[in-house]
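Data first, discussion second: the structure below is written as structure tokens.
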Amino acid sequence: KKVDMNKVHLEVLRPWVGKKVTQYLGVEDDIIINMVMAELENEREPDPRLIQINLTGFLERNTGAFMADLWKLLLSAQANHKEEGGKITKGMPEQLLQEKQEEIKRINAELQERAKKIQEDQDRMRTIQREKEAERERAMEREREMERERELRRRLEEEQEQMRLLDKEREMQKEWEEKEKEREREEARMREKERVEKERGEKERGDKDRGDKDRGDKDRGDKDRGDK
């Protein structure tokens, strides 16, 4: 069956041709690939028998299978072309369309899997970040608690120092009061001593005055008796 190449999207066949040539020869041969594409491009309705003859020297016993598969693709592409308003939209082989769709599905699946993995990595990183933030918050809370404890200790030490100073002040006040009382007692003893000494002195003077008086009275009595 003839194929009108004006109805075939030929470039989509190049990767397929390259894959088949490499499969048959074991290496990628651009010369044979370009030769096959030229055979299809040079004629509007290429002759498959002539193309097979030209390729037999290269593909040898694989030429028949290659041409059979190639022609199925060309006929499928021709069947898929569209004509609208006198304008032809070149068709693509159903097999390649399916393969392309499968490839797109595979790529989409890989993209989804990669997106899922990225999302999982991001979720894991967010979890790790939250854990780090929580640990950092706990560390900050521990630091704040330690700071509060240091502040309490500092205040306790200040209060203890104040109590120590107050106790010392009380002891000094008590010592001063004891000394003041001792001084007052000493002053009282001195006053008492002075009073006693004063009374003794007054008594001694009184006794002396009375002795002198008695002696004077006696002397005058003796004189008076002598005069008589």
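The chains in the structure tokens are called A, B, ... from first to last as shown; in each chain the residues are counted from 1, and the ligands are counted from 1 in the order shown.
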Run DSSP on the backbone and tell me which residues of segment 63-140 of chain A come out as alpha helix (DSSP H); list them as a ChimeraX atom specification.
/A:63-79,94-140
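With only C-alpha atoms taken into account, the protein and nucleic acid residues at most 12 Å from Asn34 of chain A (excluding it and anything under 5 positions from it in its own chain) are Glu11, Leu13, Arg14, Pro15, Val17, Gly18, Val21, Glu28, Asp29, Glu39, Leu40, Glu41, Asn42 and Leu55 of chain A.
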Next, the residues of the selection above should be written as an mmCIF file, in the first residue's frame with all heavy atoms.
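Contents of result29.cif, as written:
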data_model
loop_
_atom_site.group_PDB
_atom_site.id
_atom_site.type_symbol
_atom_site.label_atom_id
_atom_site.label_comp_id
_atom_site.auth_asym_id
_atom_site.auth_seq_id
_atom_site.Cartn_x
_atom_site.Cartn_y
_atom_site.Cartn_z
ATOM 1 N N GLU A 11 9.723 13.574 10.943
ATOM 2 C CA GLU A 11 10.778 13.757 11.949
ATOM 3 C C GLU A 11 10.550 12.915 13.197
ATOM 4 O O GLU A 11 11.502 12.573 13.881
ATOM 5 C CB GLU A 11 10.899 15.233 12.317
ATOM 6 C CG GLU A 11 11.731 16.048 11.342
ATOM 7 C CD GLU A 11 13.132 15.479 11.165
ATOM 8 O OE1 GLU A 11 13.818 15.198 12.179
ATOM 9 O OE2 GLU A 11 13.546 15.287 10.014
ATOM 10 N N LEU A 13 9.817 9.988 13.227
ATOM 11 C CA LEU A 13 10.312 8.638 12.949
ATOM 12 C C LEU A 13 11.823 8.515 13.132
ATOM 13 O O LEU A 13 12.345 7.402 13.249
ATOM 14 C CB LEU A 13 9.941 8.228 11.529
ATOM 15 C CG LEU A 13 8.445 7.976 11.273
ATOM 16 C CD1 LEU A 13 8.209 7.793 9.783
ATOM 17 C CD2 LEU A 13 7.989 6.748 12.037
ATOM 18 N N ARG A 14 12.546 9.654 13.127
ATOM 19 C CA ARG A 14 14.011 9.610 13.201
ATOM 20 C C ARG A 14 14.499 8.866 14.450
ATOM 21 O O ARG A 14 15.389 8.014 14.333
ATOM 22 C CB ARG A 14 14.593 11.023 13.140
ATOM 23 C CG ARG A 14 16.122 11.059 13.231
ATOM 24 C CD ARG A 14 16.632 12.484 13.099
ATOM 25 N NE ARG A 14 16.486 12.959 11.747
ATOM 26 C CZ ARG A 14 17.366 12.764 10.769
ATOM 27 N NH1 ARG A 14 18.475 12.042 11.002
ATOM 28 N NH2 ARG A 14 17.182 13.245 9.569
ATOM 29 N N PRO A 15 13.978 9.142 15.665
ATOM 30 C CA PRO A 15 14.457 8.400 16.840
ATOM 31 C C PRO A 15 14.211 6.896 16.717
ATOM 32 O O PRO A 15 15.049 6.092 17.123
ATOM 33 C CB PRO A 15 13.644 9.009 18.002
ATOM 34 C CG PRO A 15 13.268 10.370 17.533
ATOM 35 C CD PRO A 15 13.038 10.221 16.066
ATOM 36 N N VAL A 17 13.978 5.144 13.871
ATOM 37 C CA VAL A 17 14.926 4.617 12.884
ATOM 38 C C VAL A 17 16.296 4.437 13.523
ATOM 39 O O VAL A 17 16.958 3.400 13.351
ATOM 40 C CB VAL A 17 15.008 5.555 11.663
ATOM 41 C CG1 VAL A 17 16.148 5.115 10.725
ATOM 42 C CG2 VAL A 17 13.688 5.574 10.915
ATOM 43 N N GLY A 18 16.766 5.449 14.276
ATOM 44 C CA GLY A 18 18.061 5.362 14.932
ATOM 45 C C GLY A 18 18.126 4.202 15.914
ATOM 46 O O GLY A 18 19.135 3.485 15.984
ATOM 47 N N VAL A 21 18.263 0.865 13.842
ATOM 48 C CA VAL A 21 19.571 0.683 13.182
ATOM 49 C C VAL A 21 20.615 0.264 14.208
ATOM 50 O O VAL A 21 21.423 -0.639 13.986
ATOM 51 C CB VAL A 21 19.994 1.969 12.457
ATOM 52 C CG1 VAL A 21 21.455 1.866 11.992
ATOM 53 C CG2 VAL A 21 19.084 2.221 11.255
ATOM 54 N N GLU A 28 25.545 2.892 16.748
ATOM 55 C CA GLU A 28 24.737 3.938 16.128
ATOM 56 C C GLU A 28 25.468 4.424 14.873
ATOM 57 O O GLU A 28 26.609 4.867 14.938
ATOM 58 C CB GLU A 28 24.530 5.091 17.116
ATOM 59 C CG GLU A 28 23.628 6.187 16.570
ATOM 60 C CD GLU A 28 23.343 7.263 17.611
ATOM 61 O OE1 GLU A 28 23.742 7.089 18.787
ATOM 62 O OE2 GLU A 28 22.716 8.277 17.261
ATOM 63 N N ASP A 29 24.770 4.347 13.743
ATOM 64 C CA ASP A 29 25.386 4.716 12.456
ATOM 65 C C ASP A 29 24.566 5.841 11.837
ATOM 66 O O ASP A 29 23.494 5.612 11.258
ATOM 67 C CB ASP A 29 25.435 3.496 11.534
ATOM 68 C CG ASP A 29 26.322 3.738 10.320
ATOM 69 O OD1 ASP A 29 26.369 4.882 9.845
ATOM 70 O OD2 ASP A 29 26.971 2.774 9.883
ATOM 71 N N GLU A 39 15.734 8.533 1.871
ATOM 72 C CA GLU A 39 14.895 7.703 1.012
ATOM 73 C C GLU A 39 13.425 8.081 1.192
ATOM 74 O O GLU A 39 12.649 8.065 0.229
ATOM 75 C CB GLU A 39 15.089 6.224 1.338
ATOM 76 C CG GLU A 39 16.441 5.661 0.957
ATOM 77 C CD GLU A 39 16.557 5.425 -0.549
ATOM 78 O OE1 GLU A 39 15.530 5.492 -1.238
ATOM 79 O OE2 GLU A 39 17.670 5.177 -1.025
ATOM 80 N N LEU A 40 13.022 8.436 2.397
ATOM 81 C CA LEU A 40 11.618 8.778 2.666
ATOM 82 C C LEU A 40 11.299 10.210 2.263
ATOM 83 O O LEU A 40 10.170 10.520 1.870
ATOM 84 C CB LEU A 40 11.298 8.570 4.160
ATOM 85 C CG LEU A 40 11.436 7.132 4.672
ATOM 86 C CD1 LEU A 40 11.198 7.085 6.175
ATOM 87 C CD2 LEU A 40 10.456 6.197 3.958
ATOM 88 N N GLU A 41 12.285 11.074 2.341
ATOM 89 C CA GLU A 41 12.055 12.490 2.040
ATOM 90 C C GLU A 41 12.095 12.786 0.533
ATOM 91 O O GLU A 41 11.455 13.722 0.074
ATOM 92 C CB GLU A 41 13.108 13.345 2.760
ATOM 93 C CG GLU A 41 12.948 13.362 4.276
ATOM 94 C CD GLU A 41 14.133 14.043 4.957
ATOM 95 O OE1 GLU A 41 15.136 14.345 4.260
ATOM 96 O OE2 GLU A 41 14.066 14.273 6.190
ATOM 97 N N ASN A 42 12.844 11.984 -0.224
ATOM 98 C CA ASN A 42 13.069 12.305 -1.633
ATOM 99 C C ASN A 42 11.841 12.062 -2.503
ATOM 100 O O ASN A 42 11.727 12.652 -3.590
ATOM 101 C CB ASN A 42 14.251 11.491 -2.177
ATOM 102 C CG ASN A 42 15.580 11.966 -1.581
ATOM 103 O OD1 ASN A 42 15.684 13.097 -1.137
ATOM 104 N ND2 ASN A 42 16.582 11.079 -1.595
ATOM 105 N N LEU A 55 18.907 -0.740 1.219
ATOM 106 C CA LEU A 55 19.346 -0.935 2.615
ATOM 107 C C LEU A 55 19.904 -2.324 2.867
ATOM 108 O O LEU A 55 20.552 -2.552 3.879
ATOM 109 C CB LEU A 55 18.174 -0.688 3.575
ATOM 110 C CG LEU A 55 17.655 0.752 3.683
ATOM 111 C CD1 LEU A 55 16.448 0.819 4.620
ATOM 112 C CD2 LEU A 55 18.753 1.681 4.162
#
To one decimal place, how far is atom CA of Glu99 of chain A from atom CA of Trp71 of chain A in Å?
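Between atom CA of Glu99 of chain A and atom CA of Trp71 of chain A the gap is 17.2 Å.
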Check the smallest atom-to-atom distance from each of A:Lys181, A:Lys100, A:Lys2, A:Arg114 to Gln78 of chain A using only C-alpha atoms, then report the winner.
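Counting only C-alpha atoms, the residue closest to Gln78 of chain A is A:Lys2.
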Every residue of segment 22-149 of chain A that DSSP places in strand (DSSP E), as a list of chain:residue names
A:Lys82, A:Glu83, A:Glu84, A:Lys87, A:Ile88, A:Thr89
Saved selection, atoms kept: N, CA, C and O atoms, as a compact mmCIF listing (two decimals), in the first residue's frame:
# COMPACT_ATOMS: atom_id res chain seq x y z
N LYS A 82 -4.84 14.75 9.33
CA LYS A 82 -6.12 15.47 9.30
C LYS A 82 -6.07 16.54 8.22
O LYS A 82 -5.01 17.12 7.96
N GLU A 83 -7.23 16.77 7.60
CA GLU A 83 -7.36 17.82 6.59
C GLU A 83 -8.50 18.73 6.98
O GLU A 83 -9.64 18.29 7.15
N GLU A 84 -8.19 20.02 7.17
CA GLU A 84 -9.21 21.00 7.53
C GLU A 84 -9.01 22.24 6.68
O GLU A 84 -7.93 22.84 6.71
N LYS A 87 -6.09 22.35 4.40
CA LYS A 87 -4.78 22.30 5.04
C LYS A 87 -4.58 20.93 5.68
O LYS A 87 -5.43 20.45 6.40
N ILE A 88 -3.43 20.32 5.39
CA ILE A 88 -3.15 18.97 5.89
C ILE A 88 -2.32 19.05 7.17
O ILE A 88 -1.29 19.74 7.22
N THR A 89 -2.78 18.38 8.19
CA THR A 89 -2.00 18.22 9.43
C THR A 89 -1.40 16.83 9.41
O THR A 89 -2.12 15.84 9.41
